[in-house]
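Here is the file final-v7.txt (compact mmCIF, C-alpha atoms).
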# COMPACT_ATOMS: atom_id res chain seq x y z
CA MET I 1 12.08 40.93 24.16
CA LYS I 2 15.63 40.23 22.97
CA ALA I 3 14.52 36.71 22.06
CA MET I 4 12.31 38.28 19.37
CA TYR I 5 15.36 39.76 17.63
CA PRO I 6 18.17 37.84 15.87
CA LYS I 7 21.57 37.66 17.53
CA ASN I 8 23.54 38.22 14.33
CA GLY I 9 21.01 39.40 11.76
CA ARG I 10 18.87 42.46 11.11
CA VAL I 11 15.17 43.25 11.37
CA ILE I 12 13.97 45.39 8.49
CA LEU I 13 10.55 46.92 7.92
CA HIS I 14 9.27 48.14 4.58
CA VAL I 15 6.41 50.62 4.99
CA ASP I 16 4.39 51.14 1.83
CA MET I 17 1.48 53.58 1.81
CA ASN I 18 -1.61 52.21 0.08
CA SER I 19 -2.84 54.17 -2.95
CA PHE I 20 -1.13 57.19 -1.43
CA TYR I 21 -2.43 60.10 -3.47
CA ALA I 22 -6.01 58.84 -3.47
CA SER I 23 -5.80 58.02 0.25
CA VAL I 24 -4.59 61.53 1.08
CA GLU I 25 -7.50 63.03 -0.87
CA MET I 26 -9.95 60.79 1.00
CA ALA I 27 -8.39 61.73 4.33
CA TYR I 28 -8.78 65.39 3.39
CA ASP I 29 -12.38 64.98 2.20
CA ASN I 30 -14.49 62.35 3.96
CA GLU I 31 -17.11 62.48 1.22
CA LEU I 32 -14.69 60.68 -1.11
CA LYS I 33 -14.33 57.65 1.13
CA GLY I 34 -15.70 54.42 -0.21
CA LYS I 35 -16.06 55.86 -3.72
CA PRO I 36 -14.07 55.07 -6.87
CA LEU I 37 -11.47 57.85 -7.02
CA ALA I 38 -8.61 58.45 -9.42
CA ILE I 39 -5.84 61.03 -9.49
CA ALA I 40 -4.98 62.21 -13.00
CA GLY I 41 -2.35 64.65 -14.17
CA ASN I 42 -4.62 66.39 -16.66
CA VAL I 43 -8.31 66.08 -15.87
CA GLU I 44 -9.40 68.16 -18.86
CA GLU I 45 -7.71 65.94 -21.44
CA ARG I 46 -9.67 62.86 -22.50
CA ARG I 47 -6.37 61.09 -22.99
CA GLY I 48 -4.91 62.22 -19.70
CA ILE I 49 -3.50 59.28 -17.77
CA ILE I 50 -4.48 57.91 -14.36
CA VAL I 51 -1.65 58.48 -11.87
CA THR I 52 -3.14 56.37 -9.08
CA CYS I 53 -6.58 55.24 -7.98
CA SER I 54 -8.44 54.01 -4.92
CA TYR I 55 -9.07 50.34 -4.27
CA GLU I 56 -12.75 50.97 -4.95
CA ALA I 57 -11.81 52.11 -8.46
CA ARG I 58 -9.52 49.12 -8.96
CA LYS I 59 -12.46 46.78 -8.41
CA PHE I 60 -13.90 48.13 -11.68
CA GLY I 61 -10.63 47.48 -13.50
CA VAL I 62 -9.24 51.02 -13.33
CA LYS I 63 -5.43 50.94 -13.39
CA THR I 64 -2.46 53.26 -13.18
CA THR I 65 -1.44 54.68 -16.62
CA MET I 66 -4.91 54.00 -18.04
CA PRO I 67 -6.27 56.91 -20.12
CA ILE I 68 -9.08 58.83 -18.44
CA TRP I 69 -11.52 58.09 -21.26
CA GLU I 70 -10.97 54.36 -20.84
CA ALA I 71 -11.28 54.51 -17.05
CA LYS I 72 -14.53 56.47 -17.37
CA LYS I 73 -15.84 53.92 -19.84
CA ILE I 74 -15.45 51.00 -17.44
CA CYS I 75 -16.35 53.06 -14.36
CA PRO I 76 -18.75 55.92 -15.28
CA GLN I 77 -19.06 57.00 -11.63
CA LEU I 78 -15.29 57.45 -11.31
CA ILE I 79 -14.32 60.68 -9.51
CA ILE I 80 -11.27 62.40 -10.98
CA ARG I 81 -9.05 64.75 -8.98
CA LYS I 82 -5.91 66.64 -9.99
CA PRO I 83 -2.77 65.95 -7.93
CA ASN I 84 -2.28 68.29 -4.98
CA PHE I 85 1.41 67.93 -4.26
CA GLU I 86 1.38 70.31 -1.31
CA ARG I 87 -0.93 67.91 0.50
CA TYR I 88 1.17 64.88 -0.44
CA ARG I 89 4.38 66.63 0.55
CA LYS I 90 3.11 67.45 4.02
CA ALA I 91 1.67 63.98 4.50
CA SER I 92 4.94 62.36 3.43
CA ILE I 93 7.06 64.48 5.74
CA ALA I 94 4.74 63.69 8.64
CA ILE I 95 4.91 59.96 7.90
CA PHE I 96 8.70 59.87 7.87
CA ASP I 97 8.87 62.03 11.00
CA LEU I 98 6.71 59.40 12.70
CA LEU I 99 8.90 56.53 11.43
CA ARG I 100 12.02 58.19 12.83
CA GLN I 101 10.50 57.94 16.30
CA TYR I 102 11.23 54.21 16.13
CA THR I 103 14.78 54.33 14.74
CA GLU I 104 17.23 56.75 13.17
CA LEU I 105 17.86 54.20 10.42
CA VAL I 106 15.05 55.25 8.08
CA GLU I 107 15.64 55.20 4.32
CA PRO I 108 12.92 56.88 2.26
CA VAL I 109 12.92 55.45 -1.26
CA SER I 110 10.04 57.54 -2.57
CA ILE I 111 7.37 59.90 -1.33
CA ASP I 112 5.24 57.04 0.01
CA GLU I 113 7.54 54.16 0.97
CA GLY I 114 10.66 53.53 2.97
CA TYR I 115 12.76 51.06 4.95
CA LEU I 116 13.43 50.98 8.69
CA ASP I 117 16.15 49.01 10.47
CA ILE I 118 14.64 48.28 13.90
CA THR I 119 17.30 45.80 15.04
CA GLU I 120 18.18 48.01 18.00
CA SER I 121 14.60 49.00 18.79
CA GLY I 122 13.78 46.06 21.06
CA THR I 123 12.79 48.29 23.97
CA LEU I 124 9.80 49.43 21.90
CA GLY I 125 8.42 45.92 21.51
CA SER I 126 8.70 42.95 19.20
CA PRO I 127 9.09 43.53 15.45
CA LEU I 128 5.44 42.63 14.89
CA GLU I 129 4.31 44.92 17.71
CA ILE I 130 6.31 47.81 16.26
CA ALA I 131 4.84 47.21 12.80
CA LYS I 132 1.30 47.15 14.22
CA ASP I 133 1.97 50.31 16.21
CA ILE I 134 3.30 52.15 13.15
CA GLN I 135 0.33 51.10 11.05
CA LEU I 136 -2.16 52.08 13.76
CA ARG I 137 -0.57 55.45 14.49
CA ILE I 138 -0.42 56.45 10.81
CA MET I 139 -4.08 55.54 10.46
CA GLU I 140 -5.18 57.25 13.68
CA THR I 141 -3.21 60.47 13.23
CA MET I 142 -3.37 60.86 9.45
CA ASP I 143 -6.21 58.58 8.36
CA LEU I 144 -3.88 56.89 5.86
CA PRO I 145 -3.58 53.13 5.29
CA CYS I 146 -0.28 51.35 4.78
CA SER I 147 1.10 47.85 4.38
CA ILE I 148 4.25 46.71 6.18
CA GLY I 149 6.70 43.92 5.47
CA VAL I 150 8.83 42.50 8.30
CA ALA I 151 11.93 40.58 7.25
CA PRO I 152 15.68 40.10 7.80
CA ASN I 153 16.63 42.17 4.72
CA LYS I 154 15.35 44.84 2.35
CA PHE I 155 14.41 42.54 -0.51
CA LEU I 156 12.27 40.25 1.63
CA ALA I 157 10.73 43.22 3.48
CA LYS I 158 9.72 44.83 0.19
CA THR I 159 8.36 41.51 -1.07
CA ALA I 160 6.41 41.01 2.15
CA SER I 161 4.78 44.45 2.08
CA ASP I 162 3.35 43.65 -1.36
CA MET I 163 1.68 40.46 -0.16
CA LYS I 164 -1.23 42.01 1.73
CA LYS I 165 -2.81 45.25 0.55
CA PRO I 166 -4.37 47.36 1.84
CA MET I 167 -3.56 47.50 5.57
CA GLY I 168 -1.57 44.27 5.68
CA ILE I 169 1.37 43.22 7.83
CA THR I 170 3.41 40.27 6.58
CA VAL I 171 6.40 38.56 8.19
CA LEU I 172 8.71 36.88 5.68
CA ARG I 173 11.70 34.90 6.94
CA LYS I 174 14.46 33.26 4.93
CA ARG I 175 13.09 29.87 5.86
CA ASP I 176 9.77 30.88 4.26
CA VAL I 177 11.36 31.51 0.86
CA PRO I 178 11.16 27.95 -0.56
CA ALA I 179 7.46 27.61 0.26
CA LYS I 180 6.23 31.15 -0.38
CA LEU I 181 8.46 32.50 -3.16
CA TRP I 182 9.96 29.66 -5.15
CA PRO I 183 6.65 28.38 -6.62
CA LEU I 184 5.81 31.86 -8.01
CA PRO I 185 6.47 32.87 -11.63
CA VAL I 186 9.85 34.57 -11.91
CA GLY I 187 8.18 37.68 -13.33
CA GLU I 188 6.47 38.28 -9.97
CA MET I 189 9.80 38.76 -8.22
CA HIS I 190 10.60 42.34 -7.25
CA GLY I 191 13.27 43.73 -9.58
CA ILE I 192 12.40 41.59 -12.61
CA GLY I 193 10.67 43.28 -15.54
CA LYS I 194 9.02 41.80 -18.59
CA LYS I 195 12.17 41.70 -20.74
CA THR I 196 14.24 40.05 -18.02
CA GLU I 197 11.41 37.58 -17.45
CA GLN I 198 11.41 36.74 -21.17
CA LYS I 199 15.16 36.18 -21.15
CA LEU I 200 14.94 33.89 -18.13
CA ASN I 201 12.00 31.98 -19.61
CA SER I 202 14.04 31.45 -22.79
CA VAL I 203 16.44 29.26 -20.79
CA ASP I 204 13.63 27.46 -18.90
CA ILE I 205 13.85 29.60 -15.77
CA ILE I 206 10.12 29.85 -15.20
CA THR I 207 9.71 30.15 -11.44
CA ILE I 208 11.63 31.96 -8.71
CA GLY I 209 12.75 28.53 -7.54
CA HIS I 210 14.31 27.86 -10.94
CA LEU I 211 16.18 31.17 -10.64
CA ALA I 212 17.40 30.28 -7.15
CA ALA I 213 18.90 27.04 -8.47
CA ALA I 214 20.14 28.34 -11.83
CA SER I 215 23.72 28.02 -13.00
CA ASP I 216 25.89 31.05 -12.25
CA VAL I 217 27.46 30.77 -15.70
CA THR I 218 24.06 30.72 -17.42
CA LEU I 219 22.87 33.77 -15.51
CA ARG I 220 26.10 35.67 -16.13
CA ASN I 221 25.93 35.00 -19.86
CA LEU I 222 22.25 35.96 -19.95
CA LEU I 223 22.12 38.98 -17.64
CA GLY I 224 25.69 39.93 -16.80
CA ILE I 225 26.47 40.93 -13.22
CA ASN I 226 22.77 41.48 -12.57
CA GLY I 227 22.21 37.73 -12.88
CA ALA I 228 24.16 36.94 -9.71
CA LYS I 229 22.28 39.62 -7.79
CA LEU I 230 18.91 38.26 -8.87
CA LYS I 231 19.92 34.72 -7.89
CA GLU I 232 20.86 35.97 -4.43
CA ARG I 233 17.48 37.67 -4.10
CA ALA I 234 15.70 34.51 -5.22
CA ASN I 235 17.47 32.72 -2.37
CA GLY I 236 16.34 35.37 0.10
CA GLN I 237 19.73 37.07 0.37
CA ASP I 238 20.25 40.84 0.35
CA ARG I 239 23.21 42.51 2.04
CA ARG I 240 22.19 46.11 1.39
CA PRO I 241 22.00 48.15 4.60
CA VAL I 242 19.24 50.59 5.44
CA ASP I 243 21.06 53.85 4.75
CA PRO I 244 19.36 57.21 5.44
CA GLU I 245 21.92 58.88 3.17
CA ALA I 246 21.47 56.52 0.21
CA ILE I 247 18.94 58.67 -1.63
CA PHE I 248 18.86 58.77 -5.41
CA ASP I 249 22.37 57.53 -6.06
CA TYR I 250 22.15 58.32 -9.78
CA LYS I 251 22.09 61.88 -11.10
CA SER I 252 23.00 60.97 -14.65
CA VAL I 253 23.33 57.92 -16.87
CA GLY I 254 25.44 58.21 -19.99
CA ASN I 255 27.59 56.46 -22.54
CA SER I 256 30.25 57.68 -24.95
CA THR I 257 32.56 56.23 -27.56
CA THR I 258 35.71 57.30 -29.39
CA LEU I 259 35.30 56.81 -33.13
CA PRO I 260 37.85 54.63 -34.97
CA HIS I 261 38.41 57.62 -37.27
CA ASP I 262 37.39 61.28 -37.36
CA SER I 263 34.06 61.46 -39.19
CA THR I 264 32.02 64.12 -40.96
CA ASN I 265 29.52 61.57 -42.27
CA GLN I 266 26.20 62.56 -40.72
CA LYS I 267 24.60 59.19 -41.40
CA GLU I 268 27.45 57.41 -39.67
CA LEU I 269 27.33 59.78 -36.70
CA ILE I 270 23.57 59.34 -36.31
CA GLY I 271 24.13 55.58 -36.38
CA ILE I 272 26.61 55.93 -33.53
CA LEU I 273 24.09 58.03 -31.58
CA ASP I 274 21.62 55.18 -32.10
CA LYS I 275 23.97 52.67 -30.46
CA LEU I 276 24.76 55.04 -27.61
CA SER I 277 21.06 55.70 -27.05
CA GLU I 278 20.42 51.97 -26.86
CA LYS I 279 23.07 51.57 -24.15
CA VAL I 280 21.73 54.51 -22.14
CA ALA I 281 18.18 53.13 -22.42
CA LEU I 282 19.36 49.72 -21.21
CA ARG I 283 21.14 51.21 -18.21
CA LEU I 284 18.10 53.32 -17.31
CA LYS I 285 15.84 50.29 -17.48
CA ASN I 286 18.22 48.10 -15.45
CA LYS I 287 18.28 50.74 -12.74
CA MET I 288 14.54 51.48 -13.02
CA LEU I 289 15.22 55.14 -13.81
CA VAL I 290 14.00 57.80 -16.21
CA GLY I 291 15.77 60.92 -17.44
CA GLN I 292 14.44 64.46 -17.50
CA LYS I 293 17.25 66.19 -19.41
CA ILE I 294 19.09 64.95 -22.49
CA GLY I 295 22.73 65.74 -23.18
CA VAL I 296 25.07 65.20 -26.12
CA THR I 297 28.87 65.43 -26.02
CA ILE I 298 30.85 66.16 -29.21
CA ARG I 299 34.66 66.06 -29.34
CA TYR I 300 36.21 67.30 -32.57
CA LYS I 301 39.43 66.18 -34.22
CA ASP I 302 41.28 69.11 -32.62
CA ARG I 303 40.12 67.73 -29.20
CA ASN I 304 37.82 70.69 -28.61
CA THR I 305 34.89 69.24 -26.66
CA ILE I 306 31.39 70.63 -26.16
CA THR I 307 28.48 69.26 -24.14
CA ARG I 308 25.00 70.57 -24.83
CA SER I 309 21.83 69.60 -22.97
CA ARG I 310 18.22 70.60 -22.61
CA LYS I 311 15.26 69.76 -20.42
CA THR I 312 12.64 67.54 -22.03
CA ASP I 313 8.89 67.99 -21.85
CA ASN I 314 8.44 64.46 -20.52
CA PRO I 315 10.64 62.01 -18.61
CA PHE I 316 12.15 59.41 -20.96
CA PHE I 317 13.68 55.94 -20.88
CA GLU I 318 12.91 54.33 -24.23
CA LYS I 319 15.68 54.05 -26.81
CA ALA I 320 13.61 55.64 -29.58
CA ASP I 321 12.90 58.72 -27.47
CA ILE I 322 16.53 59.07 -26.38
CA HIS I 323 17.77 58.69 -29.96
CA ALA I 324 15.32 61.25 -31.34
CA LEU I 325 16.26 63.77 -28.64
CA ALA I 326 19.99 63.13 -29.14
CA ILE I 327 19.74 63.61 -32.93
CA GLU I 328 17.88 66.88 -32.49
CA LEU I 329 20.50 68.19 -30.06
CA PHE I 330 23.40 66.94 -32.19
CA LYS I 331 22.16 68.52 -35.42
CA LYS I 332 21.59 71.80 -33.65
CA ASN I 333 25.12 71.99 -32.23
CA TRP I 334 27.41 70.12 -34.65
CA ASN I 335 29.56 72.55 -36.66
CA GLY I 336 30.24 70.09 -39.50
CA GLU I 337 33.85 69.43 -38.51
CA GLY I 338 35.29 65.94 -38.05
CA VAL I 339 34.04 64.24 -34.90
CA ARG I 340 36.36 62.10 -32.78
CA LEU I 341 34.04 61.24 -29.86
CA LEU I 342 30.29 61.19 -29.26
CA GLY I 343 28.39 60.81 -26.00
CA VAL I 344 24.74 60.65 -24.94
CA THR I 345 23.67 61.31 -21.34
CA ALA I 346 20.39 61.28 -19.45
CA PHE I 347 20.50 63.91 -16.70
CA ASP I 348 18.25 64.64 -13.71
CA VAL I 349 17.33 60.98 -13.45
CA LEU I 350 14.81 59.71 -10.94
CA ASP I 351 13.13 56.47 -10.01
CA LYS I 352 10.86 55.21 -12.77
CA ASP I 353 7.91 54.66 -10.43
CA ALA I 354 8.29 58.18 -9.11
CA ALA I 355 7.85 59.55 -12.61
CA PHE I 356 4.44 57.92 -12.76
CA LYS I 357 3.01 58.92 -9.43
CA GLN I 358 5.36 61.11 -7.42
CA LEU I 359 7.65 64.05 -7.29
CA ASP I 360 11.05 63.93 -5.71
CA LEU I 361 10.44 64.06 -1.96
CA PHE I 362 13.81 65.58 -1.29
CA SER I 363 13.46 68.44 -3.76
CA TYR I 364 10.81 69.82 -1.43
CA HIS I 365 13.49 71.06 0.92
CA GLN I 366 15.18 72.92 -1.92
CA ASP I 367 12.15 74.35 -3.65
CA ALA I 368 9.00 73.85 -1.64
CA GLU I 369 6.98 76.47 -3.47
CA LYS I 370 7.58 75.17 -6.97
CA GLU I 371 6.58 71.53 -6.92
CA PRO I 372 7.07 69.57 -10.13
CA LEU I 373 3.73 68.25 -11.38
CA TYR I 374 3.62 65.25 -13.65
CA GLU I 375 0.72 65.79 -16.00
CA ALA I 376 -0.59 62.99 -18.14
CA MET I 377 1.06 62.22 -21.44
CA LYS I 378 -1.32 61.68 -24.31
CA LYS I 379 0.20 58.44 -25.49
CA LEU I 380 0.05 54.99 -23.99
CA GLN I 381 2.00 51.83 -24.87
CA ASN I 382 2.10 50.97 -28.58
CA LYS I 383 -0.85 53.17 -29.49
CA TYR I 384 0.14 56.27 -27.54
CA GLY I 385 3.88 55.89 -26.90
CA SER I 386 5.67 56.16 -23.56
CA SER I 387 3.31 56.27 -20.61
CA ILE I 388 5.32 58.75 -18.61
CA ILE I 389 3.84 61.72 -16.84
CA LYS I 390 4.63 65.26 -17.86
CA LYS I 391 6.07 67.92 -15.62
CA GLY I 392 4.03 71.01 -14.86
CA SER I 393 3.27 73.24 -11.90
CA VAL I 394 0.81 73.68 -9.06
CA PRO I 395 -0.88 76.83 -7.81
CA ALA I 396 1.08 78.77 -5.25
CA ALA I 397 -1.91 79.10 -2.95
CA GLU I 398 -2.87 75.96 -1.08
CA GLU I 399 -6.33 74.63 -1.84
CA LYS I 400 -8.66 74.97 1.12
CA PRO I 401 -10.68 72.03 2.38
CA SER I 402 -14.36 71.84 1.64
CA VAL I 403 -16.77 72.86 4.40
CA GLY I 404 -17.68 69.97 6.62
CA THR I 405 -14.77 67.73 5.62
CA ASP I 406 -12.39 68.33 8.53
CA THR I 407 -10.63 65.19 9.74
CA SER I 408 -7.82 64.55 12.20
CA PHE I 409 -5.55 64.61 9.15
CA ASN I 410 -6.83 68.05 8.12
CA LYS I 411 -6.90 69.63 11.57
CA ASP I 412 -3.74 68.23 13.09
CA LEU I 413 -1.32 67.55 10.24
CA PHE I 414 -2.03 70.56 8.05
CA ASP I 415 -2.41 73.06 10.89
CA ASN I 416 0.88 71.85 12.39
CA PHE I 417 2.71 72.22 9.10
CA ARG I 418 1.23 75.66 8.46
CA LEU I 419 2.61 76.68 11.83
CA LYS I 420 6.03 75.20 11.00
CA ASP I 421 6.11 76.85 7.58
CA SER I 422 5.24 80.25 9.04
CA LYS I 423 8.24 80.06 11.36
CA GLN I 424 10.73 79.26 8.60
Can I see the file as structure tokens?
Amino acid sequence: MKAMYPKNGRVILHVDMNSFYASVEMAYDNELKGKPLAIAGNVEERRGIIVTCSYEARKFGVKTTMPIWEAKKICPQLIIRKPNFERYRKASIAIFDLLRQYTELVEPVSIDEGYLDITESGTLGSPLEIAKDIQLRIMETMDLPCSIGVAPNKFLAKTASDMKKPMGITVLRKRDVPAKLWPLPVGEMHGIGKKTEQKLNSVDIITIGHLAAASDVTLRNLLGINGAKLKERANGQDRRPVDPEAIFDYKSVGNSTTLPHDSTNQKELIGILDKLSEKVALRLKNKMLVGQKIGVTIRYKDRNTITRSRKTDNPFFEKADIHALAIELFKKNWNGEGVRLLGVTAFDVLDKDAAFKQLDLFSYHQDAEKEPLYEAMKKLQNKYGSSIIKKGSVPAAEEKPSVGTDTSFNKDLFDNFRLKDSKQ
């Protein structure tokens, strides 16, 4: 079995649950299986936004962040369910408990995906055998599908898990990179968004292969330090370890500046807030984060410094939203005296994808009875604004399953967790 594992490298798995929320609902209620199903934050609102949907719904063109009215228009038979975070929480905990039976090196990155370093797990089988066993056990015990990437590093493992969905297992080696990744458009590479793609295309970096061969100087001038990292990824290199403690490294993202002179000019100060907001927005986007609390720091000419913050109704990451929130907070707290320094900070940040479809898995341990619920915002893209999901709450009492819908997931997982919860 040792021959199946590298002598000097690592073997990393990326486990990604398929359409997690919808899959949990189907596992809980067999009558939903095989039907187009969507989870939406606010079912009553016509402009509520789809959080996630089943693969059956996707065949009709239903997509995440699509308004309910639009999804219903293209798929009249679409079934809409509200998120039930208590169910998702218990399912997630059970999944990661199962993964830790294979190795202690498990790094959850969200409620429904995580990395495993199985380099020292050779006694359990080959990497492919372990991946198949994980996939089978999650399906048999929880009735939940997942896709798994097997690779020598985190980037390639994540890339591999995206290649076959649902219920796929893909092995991606460094030697496969030229044939499988380099011909693809650079925008399809994990970690590259639309704006970065546009910047790369502007210098004729069209494919991942072009990025892998690009000049270091060109990339540094175009993307800063992030350019070198992306080039490494394009060449199949990623030195990041699987770290069970590396969870949500960022709690805040901010920027501040000392003014060249003390100012009482409100127009000038608002202009400075605009520049600071732009920098905060850029940092959030580069790190794929959103903020949930806005903060403004004001230092006066006598060096007295105040920081004021408030929770926002919706997670934010766009410059316009940050600037508007910062102006509101500044005007409310500025005393009219000369300002020497201004700062803008996004607090309580979390992964951008999590704001669309998930709550913070690790906040469950701190506040299991008050789950944050991201309801649908009423605006989408240019017409509706930021498509970020709003925080709300869930009922304290757990919803009971419908009669006749018991599954192994319902009987085993939920009964076990009720027993555990009652002992705590």
- request: With a distance cut-off of 10 Å and only C-alpha atoms, select the neighbouring residues of segment 218-225 of chain I, excluding the residue or stretch itself and same-chain residues fewer than 3 positions from it, and output the selection as an NGL selection string.
  value: :I and (196 or 199-200 or 202-203 or 205 or 211 or 214-215 or 228-231)
Step by step, gather every atom of segment 156-163 of chain I that the file lists, find the box along x, y and z that holds them, add 3 Å on each side, and finally give centre and edge lengths in Å to one decimal, as lines of an AutoDock Vina configuration file.
center_x = 7.0
center_y = 42.5
center_z = 1.1
size_x = 16.6
size_y = 10.6
size_z = 10.8
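Considering only C-alpha atoms, the residue among I:Leu350, I:Met66, I:Val11, I:Val106 positioned nearest to Ser252 of chain I is I:Leu350.
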task: Enumerate, as a ChimeraX atom specification, the protein, DNA and RNA residues whose atoms approach (-5.0, 59.4, -2.1) to within 8 Å, taking into account only C-alpha atoms and the coordinate frame of the file.
output: /I:19-27,39,52-54
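As for atom CA of Lys7 of chain I and atom CA of Asp243 of chain I, they are spaced 20.6 Å apart.
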Distance query Lys174 of chain I at most 8 Å, all atoms listed in the file, self and fewer than 4 positions along chain excluded, as an NGL selection string: :I and (152 or 235-237)
statement: From the list I:Gly209, I:Pro36, I:Pro244, I:Pro76, the nearest residue to Phe96 of chain I using all atoms listed in the file is I:Pro244
task: Choose the residue, out of I:Val296, I:Val177, I:Ile270, I:Leu32, that has the smallest atom-to-atom separation from Met189 of chain I; count all atoms listed in the file.
output: I:Val177
Distance cut-off 7 Å, centre (-4.8, 53.4, 3.5) in file coordinates, counting only C-alpha atoms: which residues qualify? Return them as a JSON list (two decimals) with C-alpha atoms, keeping the file's coordinate frame.
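point18.json, written as the output of this step:
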[["chain", "number", "residue", "atom", "x", "y", "z"],
["I", 17, "MET", "CA", 1.48, 53.58, 1.81],
["I", 18, "ASN", "CA", -1.61, 52.21, 0.08],
["I", 19, "SER", "CA", -2.84, 54.17, -2.95],
["I", 23, "SER", "CA", -5.80, 58.02, 0.25],
["I", 144, "LEU", "CA", -3.88, 56.89, 5.86],
["I", 145, "PRO", "CA", -3.58, 53.13, 5.29],
["I", 146, "CYS", "CA", -0.28, 51.35, 4.78],
["I", 166, "PRO", "CA", -4.37, 47.36, 1.84],
["I", 167, "MET", "CA", -3.56, 47.50, 5.57]]
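Closest approach to Glu120 of chain I from the set I:Glu104, I:Asp302, I:Asp176, I:Asp97 is made by I:Glu104, with distances taken over all atoms listed in the file.
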message: When you look at Arg240 of chain I with a cut-off of 8 Å (counting all atoms listed in the file), what residues show up, excluding the ones that are within fewer than 2 positions of it in the same chain? I need them as a ChimeraX atom specification.
response: /I:153-154,238,242
message: One number please: atom CA of Thr123 of chain I to atom CA of Val15 of chain I, in Å, one decimal.
response: 20.2 Å
- line: Between I:Lys279, I:Trp69, I:Leu156, I:Pro315, smallest distance to Arg175 of chain I by only C-alpha atoms belongs to I:Leu156
